[in-house]
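Shown next: query07.csv, containing CSV, C-alpha atoms.
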```csv
chain,number,residue,atom,x,y,z
Z,1,MET,CA,187.3,49.1,67.4
Z,2,ALA,CA,187.1,52.9,67.1
Z,3,ASN,CA,186.9,54.9,70.3
Z,4,ALA,CA,183.4,56.2,71.2
Z,5,PRO,CA,182.9,59.9,70.1
Z,6,PRO,CA,183.0,62.4,73.0
Z,7,SER,CA,179.6,62.8,74.7
Z,8,THR,CA,177.7,66.1,74.9
Z,9,LEU,CA,175.4,67.4,77.5
Z,10,LEU,CA,172.6,66.0,75.5
Z,11,ASP,CA,174.1,62.5,75.6
Z,12,GLU,CA,174.7,62.8,79.3
Z,13,ALA,CA,171.1,63.9,79.8
Z,14,LEU,CA,170.0,60.8,78.0
Z,15,ASP,CA,171.6,58.8,80.9
Z,16,GLY,CA,175.3,59.7,80.5
Z,17,LYS,CA,175.9,56.8,78.1
Z,18,GLY,CA,175.9,58.5,74.7
Z,19,ALA,CA,174.7,56.2,72.0
Z,20,ALA,CA,174.5,53.3,74.5
Z,21,VAL,CA,171.5,54.9,76.1
Z,22,LEU,CA,169.4,53.6,73.2
Z,23,SER,CA,170.7,50.0,73.5
Z,24,SER,CA,169.0,47.4,75.5
Z,25,SER,CA,168.5,43.7,75.7
Z,26,PRO,CA,165.1,42.2,74.5
Z,27,ALA,CA,164.4,41.1,78.0
Z,28,ALA,CA,164.7,44.6,79.4
Z,29,GLY,CA,162.9,46.3,76.5
Z,30,GLY,CA,164.1,49.3,74.5
Z,31,ARG,CA,163.4,53.0,75.0
Z,32,MET,CA,161.3,55.6,73.3
Z,33,ILE,CA,162.6,59.1,72.8
Z,34,LEU,CA,160.2,61.8,71.8
Z,35,VAL,CA,161.6,65.1,70.3
Z,36,GLU,CA,159.2,68.0,70.3
Z,37,ASP,CA,159.9,71.3,68.5
Z,38,CYS,CA,158.1,74.3,67.1
Z,39,VAL,CA,158.2,76.5,64.0
Z,40,GLU,CA,160.6,79.0,65.6
Z,41,THR,CA,163.1,76.3,66.6
Z,42,SER,CA,163.5,73.1,64.7
Z,43,GLY,CA,164.4,69.9,66.5
Z,44,ALA,CA,165.7,68.2,63.4
Z,45,PHE,CA,169.3,68.6,64.7
Z,46,VAL,CA,168.5,66.3,67.6
Z,47,VAL,CA,167.3,63.6,65.3
Z,48,HIS,CA,170.5,64.0,63.2
Z,49,HIS,CA,172.7,63.8,66.3
Z,50,LEU,CA,171.0,60.6,67.6
Z,51,LEU,CA,171.2,59.1,64.1
Z,52,LYS,CA,174.9,59.7,64.0
Z,53,ARG,CA,175.4,58.2,67.4
Z,54,CYS,CA,173.4,55.1,66.4
Z,55,LEU,CA,175.5,54.6,63.3
Z,56,SER,CA,178.9,55.4,64.9
Z,57,PRO,CA,181.8,53.0,64.2
Z,58,HIS,CA,181.9,51.7,67.8
Z,59,SER,CA,178.3,50.6,67.6
Z,60,SER,CA,176.8,47.6,65.8
Z,61,ASP,CA,173.3,49.1,65.8
Z,62,VAL,CA,170.9,49.1,62.8
Z,63,VAL,CA,168.6,52.0,62.1
Z,64,VAL,CA,165.2,51.7,60.3
Z,65,PHE,CA,164.4,55.3,59.3
Z,66,LEU,CA,160.9,56.2,58.2
Z,67,SER,CA,160.8,59.6,56.6
Z,68,PHE,CA,157.6,61.6,55.9
Z,69,ALA,CA,159.6,64.9,55.8
Z,70,HIS,CA,162.6,64.7,53.4
Z,71,PRO,CA,164.2,62.4,50.8
Z,72,PHE,CA,167.3,60.4,51.5
Z,73,SER,CA,169.5,62.9,49.9
Z,74,HIS,CA,168.6,65.6,52.5
Z,75,TYR,CA,169.8,63.5,55.4
Z,76,ASP,CA,172.8,62.1,53.5
Z,77,ARG,CA,174.0,65.7,52.8
Z,78,ILE,CA,173.6,66.8,56.5
Z,79,LEU,CA,175.1,63.7,58.0
Z,80,ARG,CA,178.1,63.8,55.6
Z,81,LYS,CA,179.0,67.2,57.1
Z,82,MET,CA,178.8,65.5,60.5
Z,83,GLY,CA,181.2,62.8,59.4
Z,84,CYS,CA,178.7,60.0,58.8
Z,85,ASN,CA,178.1,58.6,55.3
Z,86,LEU,CA,174.5,57.4,55.1
Z,87,SER,CA,175.0,55.9,51.6
Z,88,VAL,CA,177.8,53.7,52.9
Z,89,GLN,CA,175.7,52.7,56.0
Z,90,ARG,CA,172.8,51.8,53.7
Z,91,ASP,CA,175.0,49.7,51.5
Z,92,ASN,CA,176.4,48.0,54.7
Z,93,LYS,CA,172.8,47.1,55.7
Z,94,ARG,CA,173.1,49.3,58.9
Z,95,LEU,CA,170.5,51.7,57.6
Z,96,MET,CA,167.1,50.9,56.0
Z,97,PHE,CA,165.5,54.1,54.7
Z,98,LEU,CA,161.8,54.1,53.9
Z,99,ASP,CA,161.0,57.3,51.9
Z,100,MET,CA,157.3,58.1,52.1
Z,101,LEU,CA,157.8,60.9,49.6
Z,102,MET,CA,158.6,58.7,46.7
Z,103,LEU,CA,156.1,58.8,43.9
Z,104,GLU,CA,156.6,55.1,43.3
Z,105,ARG,CA,155.5,54.3,46.9
Z,106,ARG,CA,152.5,56.6,46.5
Z,107,GLY,CA,151.7,55.0,43.1
Z,108,ARG,CA,151.9,51.5,44.6
Z,109,ASP,CA,149.6,52.5,47.4
Z,110,ARG,CA,147.0,54.1,45.1
Z,111,GLY,CA,143.6,52.6,45.7
Z,112,LYS,CA,144.4,51.5,49.2
Z,113,THR,CA,142.9,53.0,52.3
Z,114,SER,CA,145.1,54.8,54.8
Z,115,GLU,CA,144.7,52.0,57.2
Z,116,ASP,CA,145.9,49.5,54.6
Z,117,VAL,CA,148.9,51.6,53.8
Z,118,PHE,CA,150.0,51.9,57.5
Z,119,ILE,CA,149.4,48.2,58.1
Z,120,ALA,CA,151.7,47.4,55.1
Z,121,LEU,CA,154.2,49.9,56.3
Z,122,PHE,CA,154.5,48.4,59.8
Z,123,GLY,CA,154.9,45.0,58.1
Z,124,GLU,CA,158.0,46.4,56.3
Z,125,ILE,CA,159.4,47.8,59.6
Z,126,GLN,CA,158.8,44.5,61.4
Z,127,LYS,CA,160.4,42.5,58.6
Z,128,ALA,CA,163.4,44.8,58.6
Z,129,VAL,CA,163.8,44.4,62.3
Z,130,GLU,CA,163.6,40.6,62.2
Z,131,LEU,CA,166.0,40.4,59.3
Z,132,SER,CA,168.6,42.6,61.0
Z,133,LEU,CA,168.4,40.7,64.2
Z,134,SER,CA,169.0,37.5,62.4
Z,135,HIS,CA,172.5,38.7,61.4
Z,136,ALA,CA,175.3,37.9,63.8
Z,137,GLY,CA,176.6,40.9,65.7
Z,138,ARG,CA,173.4,42.9,65.1
Z,139,GLN,CA,172.0,43.2,68.6
Z,140,HIS,CA,170.0,46.4,68.7
Z,141,ILE,CA,167.6,48.2,66.3
Z,142,THR,CA,166.5,51.8,66.4
Z,143,VAL,CA,163.4,52.9,64.6
Z,144,VAL,CA,163.3,56.6,63.7
Z,145,ILE,CA,160.2,58.5,62.5
Z,146,ASP,CA,160.4,62.0,61.0
Z,147,ASP,CA,157.9,63.2,61.6
Z,148,VAL,CA,154.6,62.4,63.4
Z,149,SER,CA,152.7,65.5,62.3
Z,150,LEU,CA,153.3,64.7,58.6
Z,151,MET,CA,152.3,61.1,59.2
Z,152,GLU,CA,149.0,62.5,60.4
Z,153,VAL,CA,148.6,64.3,57.1
Z,154,ASP,CA,149.2,61.0,55.2
Z,155,ALA,CA,146.6,59.4,57.4
Z,156,ASN,CA,144.1,62.0,56.2
Z,157,GLY,CA,144.0,63.7,59.6
Z,158,SER,CA,143.2,60.5,61.6
Z,159,SER,CA,145.1,60.9,64.8
Z,160,ASN,CA,143.7,57.5,66.0
Z,161,LEU,CA,145.2,55.7,63.0
Z,162,VAL,CA,148.6,57.4,63.7
Z,163,LEU,CA,148.4,56.5,67.3
Z,164,ASP,CA,147.6,52.9,66.5
Z,165,PHE,CA,150.6,52.7,64.2
Z,166,LEU,CA,152.9,54.2,66.8
Z,167,HIS,CA,151.5,51.7,69.4
Z,168,TYR,CA,152.6,48.9,67.0
Z,169,CYS,CA,156.0,50.5,66.6
Z,170,TYR,CA,156.2,50.9,70.4
Z,171,SER,CA,155.4,47.2,70.8
Z,172,LEU,CA,158.8,46.4,69.1
Z,173,THR,CA,160.6,47.9,72.2
Z,174,ALA,CA,159.2,45.1,74.3
Z,175,GLN,CA,159.2,42.4,71.7
Z,176,PHE,CA,162.6,42.9,70.2
Z,177,GLY,CA,164.3,45.4,72.6
Z,178,CYS,CA,164.2,48.0,69.8
Z,179,SER,CA,164.4,51.7,70.5
Z,180,LEU,CA,162.0,54.3,69.0
Z,181,ILE,CA,162.8,57.9,68.2
Z,182,THR,CA,160.0,60.2,67.0
Z,183,LEU,CA,159.9,63.9,66.0
Z,184,ASN,CA,156.7,65.9,66.4
Z,185,HIS,CA,155.8,69.6,66.1
Z,186,ASP,CA,154.3,70.8,69.4
Z,187,ASP,CA,152.8,74.0,68.0
Z,188,VAL,CA,150.9,72.2,65.3
Z,189,TYR,CA,148.3,71.7,68.0
Z,190,SER,CA,148.5,75.2,69.5
Z,191,ASN,CA,144.8,76.0,68.5
Z,192,GLU,CA,143.6,72.8,70.3
Z,193,ASP,CA,143.5,71.8,73.9
Z,194,ARG,CA,146.6,69.5,74.2
Z,195,PRO,CA,145.2,66.7,71.9
Z,196,GLY,CA,145.2,63.1,72.9
Z,197,LEU,CA,147.9,62.2,70.4
Z,198,LEU,CA,150.5,64.5,71.9
Z,199,LEU,CA,149.6,63.5,75.5
Z,200,LYS,CA,149.8,59.8,74.7
Z,201,LEU,CA,153.1,60.2,73.0
Z,202,GLU,CA,154.5,62.0,76.0
Z,203,TYR,CA,153.1,59.2,78.2
Z,204,LEU,CA,154.7,56.4,76.2
Z,205,ALA,CA,158.1,58.1,75.9
Z,206,ASP,CA,160.9,57.3,78.3
Z,207,VAL,CA,162.6,60.6,77.3
Z,208,VAL,CA,161.0,63.8,76.1
Z,209,ILE,CA,163.3,66.4,74.5
Z,210,LYS,CA,161.7,69.8,74.0
Z,211,VAL,CA,163.4,72.2,71.6
Z,212,GLU,CA,162.3,75.8,72.2
Z,213,PRO,CA,163.4,79.3,71.4
Z,214,LEU,CA,165.1,81.3,74.1
Z,215,SER,CA,162.6,82.8,76.6
Z,216,THR,CA,164.6,86.1,76.3
Z,217,GLY,CA,164.3,86.3,72.6
Z,218,LEU,CA,166.7,85.9,69.7
Z,219,ALA,CA,170.5,85.8,70.3
Z,220,SER,CA,173.3,85.6,67.7
Z,221,ASP,CA,175.4,83.0,69.7
Z,222,VAL,CA,172.6,80.9,71.2
Z,223,HIS,CA,170.0,79.3,68.9
Z,224,GLY,CA,167.6,77.9,71.6
Z,225,GLN,CA,167.1,75.8,74.7
Z,226,LEU,CA,166.7,72.1,75.3
Z,227,THR,CA,164.7,70.5,78.1
Z,228,VAL,CA,165.3,66.8,78.5
Z,229,SER,CA,162.9,65.0,80.8
Z,230,ASN,CA,164.2,61.5,81.5
Z,231,LYS,CA,161.8,59.1,83.2
Z,232,GLY,CA,162.8,56.3,85.4
Z,233,ILE,CA,166.4,57.1,86.3
Z,234,HIS,CA,167.4,54.3,88.6
Z,235,GLU,CA,169.1,55.2,91.9
Z,236,GLY,CA,171.3,53.0,94.1
Z,237,SER,CA,168.4,52.3,96.4
Z,238,GLY,CA,166.6,50.6,93.5
Z,239,LYS,CA,164.0,53.3,93.2
Z,240,SER,CA,163.5,55.4,90.1
Z,241,ARG,CA,162.8,59.1,89.6
Z,242,ASN,CA,162.3,61.6,86.8
Z,243,LYS,CA,165.2,63.9,86.0
Z,244,VAL,CA,165.0,67.1,84.0
Z,245,HIS,CA,168.0,68.8,82.3
Z,246,ASN,CA,167.9,72.3,80.9
Z,247,PHE,CA,170.6,73.8,78.7
Z,248,HIS,CA,171.2,76.1,75.7
Z,249,PHE,CA,172.4,75.0,72.3
Z,250,ARG,CA,174.2,76.4,69.3
Z,251,ILE,CA,174.0,74.7,65.9
Z,252,LYS,CA,177.3,74.5,64.0
Z,253,ASP,CA,177.9,73.4,60.5
Z,254,SER,CA,178.9,69.9,61.4
Z,255,SER,CA,177.7,69.5,65.0
Z,256,VAL,CA,175.7,71.0,67.8
Z,257,GLU,CA,177.2,72.6,71.0
Z,258,CYS,CA,175.2,72.3,74.2
Z,259,PHE,CA,176.0,74.3,77.3
Z,260,TYR,CA,174.5,75.5,80.5
Z,261,PRO,CA,172.9,79.0,80.6
Z,262,GLY,CA,175.4,81.6,81.5
Z,263,SER,CA,178.5,79.4,80.8
Z,264,LYS,CA,179.2,81.2,77.5
Z,265,THR,CA,180.4,84.7,77.4
```
Starting from the file, lay out its structure as structure tokens.
Amino acid sequence: MANAPPSTLLDEALDGKGAAVLSSSPAAGGRMILVEDCVETSGAFVVHHLLKRCLSPHSSDVVVFLSFAHPFSHYDRILRKMGCNLSVQRDNKRLMFLDMLMLERRGRDRGKTSEDVFIALFGEIQKAVELSLSHAGRQHITVVIDDVSLMEVDANGSSNLVLDFLHYCYSLTAQFGCSLITLNHDDVYSNEDRPGLLLKLEYLADVVIKVEPLSTGLASDVHGQLTVSNKGIHEGSGKSRNKVHNFHFRIKDSSVECFYPGSKT
């Protein structure tokens, strides 16, 4: 088996276990990771990083990827630069990609209500999870949603419908030990008073990763800052506590570099 890729500060902030932070037994339940970004600083690179970790050679994980944002070719091109071939992973049944931008899907759903569409969509996800778990050696499933704000557009602006769908997906963490990764745009709601959808997502999440621009403004060698809030870190006494990590990042062509403020000259 191939050696695990070197961990980054982001991996360590997710519990110091790299990709294994997402893995769990059905009895313990999986974890939910919420990535929040803004117009000035996209958090897509975090999703790409986590996707690569889940599909790394040393892992047997399976990913169910639900995309409202981009077609498969977009992610395949980016992940290839990072050393991960999504086409091969899809052929090997380690990646199931549900493209909500496909005209065929929209045509098939014509005449249905938004609620019918989301019920059918969850049925596809649940079927994919059950099918993957039935194969020997496949012990953990990660469901990735990119992104929640565009899902709300597809739901005709119904945040309640989106929240119901996300609750169903979240139930898979307890039922099957799956993990759930979602991307959402924090500043979409800047004209509102912290809507219920955003607050409830942050409440459900075990880890919240905020991707923000530098408070000091633009810099050529630093692209932004990450704040990782990890709930329920277990200590030796058996107690749990929240832990917050803050660091800067620089996006490279094939990776992302994370470092503490002031550590780069």
Counting only C-alpha atoms, which residues come within 9 Å of (155.4, 51.6, 58.6), with the point read in the file's coordinates, and could you list them as a PyMOL selection string?
-> chain Z and resi 66+98+117-126+165-166+169
Counting only C-alpha atoms, I want the residues whose atoms come within 12 Å of (175.6, 69.4, 60.0) in the file frame, returned as a PDB file with C-alpha atoms, keeping the file's coordinate frame.
```
ATOM      1  CA  ALA Z  44     165.700  68.200  63.400  1.00  0.00           C
ATOM      2  CA  PHE Z  45     169.300  68.600  64.700  1.00  0.00           C
ATOM      3  CA  VAL Z  46     168.500  66.300  67.600  1.00  0.00           C
ATOM      4  CA  VAL Z  47     167.300  63.600  65.300  1.00  0.00           C
ATOM      5  CA  HIS Z  48     170.500  64.000  63.200  1.00  0.00           C
ATOM      6  CA  HIS Z  49     172.700  63.800  66.300  1.00  0.00           C
ATOM      7  CA  LEU Z  51     171.200  59.100  64.100  1.00  0.00           C
ATOM      8  CA  LYS Z  52     174.900  59.700  64.000  1.00  0.00           C
ATOM      9  CA  HIS Z  74     168.600  65.600  52.500  1.00  0.00           C
ATOM     10  CA  TYR Z  75     169.800  63.500  55.400  1.00  0.00           C
ATOM     11  CA  ASP Z  76     172.800  62.100  53.500  1.00  0.00           C
ATOM     12  CA  ARG Z  77     174.000  65.700  52.800  1.00  0.00           C
ATOM     13  CA  ILE Z  78     173.600  66.800  56.500  1.00  0.00           C
ATOM     14  CA  LEU Z  79     175.100  63.700  58.000  1.00  0.00           C
ATOM     15  CA  ARG Z  80     178.100  63.800  55.600  1.00  0.00           C
ATOM     16  CA  LYS Z  81     179.000  67.200  57.100  1.00  0.00           C
ATOM     17  CA  MET Z  82     178.800  65.500  60.500  1.00  0.00           C
ATOM     18  CA  GLY Z  83     181.200  62.800  59.400  1.00  0.00           C
ATOM     19  CA  CYS Z  84     178.700  60.000  58.800  1.00  0.00           C
ATOM     20  CA  ARG Z 250     174.200  76.400  69.300  1.00  0.00           C
ATOM     21  CA  ILE Z 251     174.000  74.700  65.900  1.00  0.00           C
ATOM     22  CA  LYS Z 252     177.300  74.500  64.000  1.00  0.00           C
ATOM     23  CA  ASP Z 253     177.900  73.400  60.500  1.00  0.00           C
ATOM     24  CA  SER Z 254     178.900  69.900  61.400  1.00  0.00           C
ATOM     25  CA  SER Z 255     177.700  69.500  65.000  1.00  0.00           C
ATOM     26  CA  VAL Z 256     175.700  71.000  67.800  1.00  0.00           C
ATOM     27  CA  GLU Z 257     177.200  72.600  71.000  1.00  0.00           C
TER      28      GLU Z 257
END
```
One decimal place gives the atom CA of Phe97 of chain Z-atom CA of Ser114 of chain Z separation as 20.4 Å
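Taking atom CA of Ser56 of chain Z and atom CA of Gln89 of chain Z as the two end points, the separation is 9.8 Å.
Of the listed residues Z:Lys93, Z:Asp187, Z:Tyr170, Z:Gly217, the one whose atoms come nearest to Ala205 of chain Z is Z:Tyr170, with distances taken using all atoms listed in the file.
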Give me, please, the distance in Å between atom CA of Thr142 of chain Z and atom CA of Thr173 of chain Z, quoted to one decimal.
-> 9.1 Å
Top pick for closest residue to Leu34 of chain Z, considering Z:Val244, Z:Ala219, Z:Leu101, Z:Ile181 and counting all atoms listed in the file | Z:Ile181
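Using only C-alpha atoms, the smallest distance between any of Z:Met32, Z:Leu133, Z:Met100, Z:Leu14 and Asp61 of chain Z comes from Z:Leu133.
Nearest to Glu36 of chain Z of all the residues Z:Ser149, Z:Ser132, Z:Gln139, Z:Asn92 is Z:Ser149, counting all atoms listed in the file.
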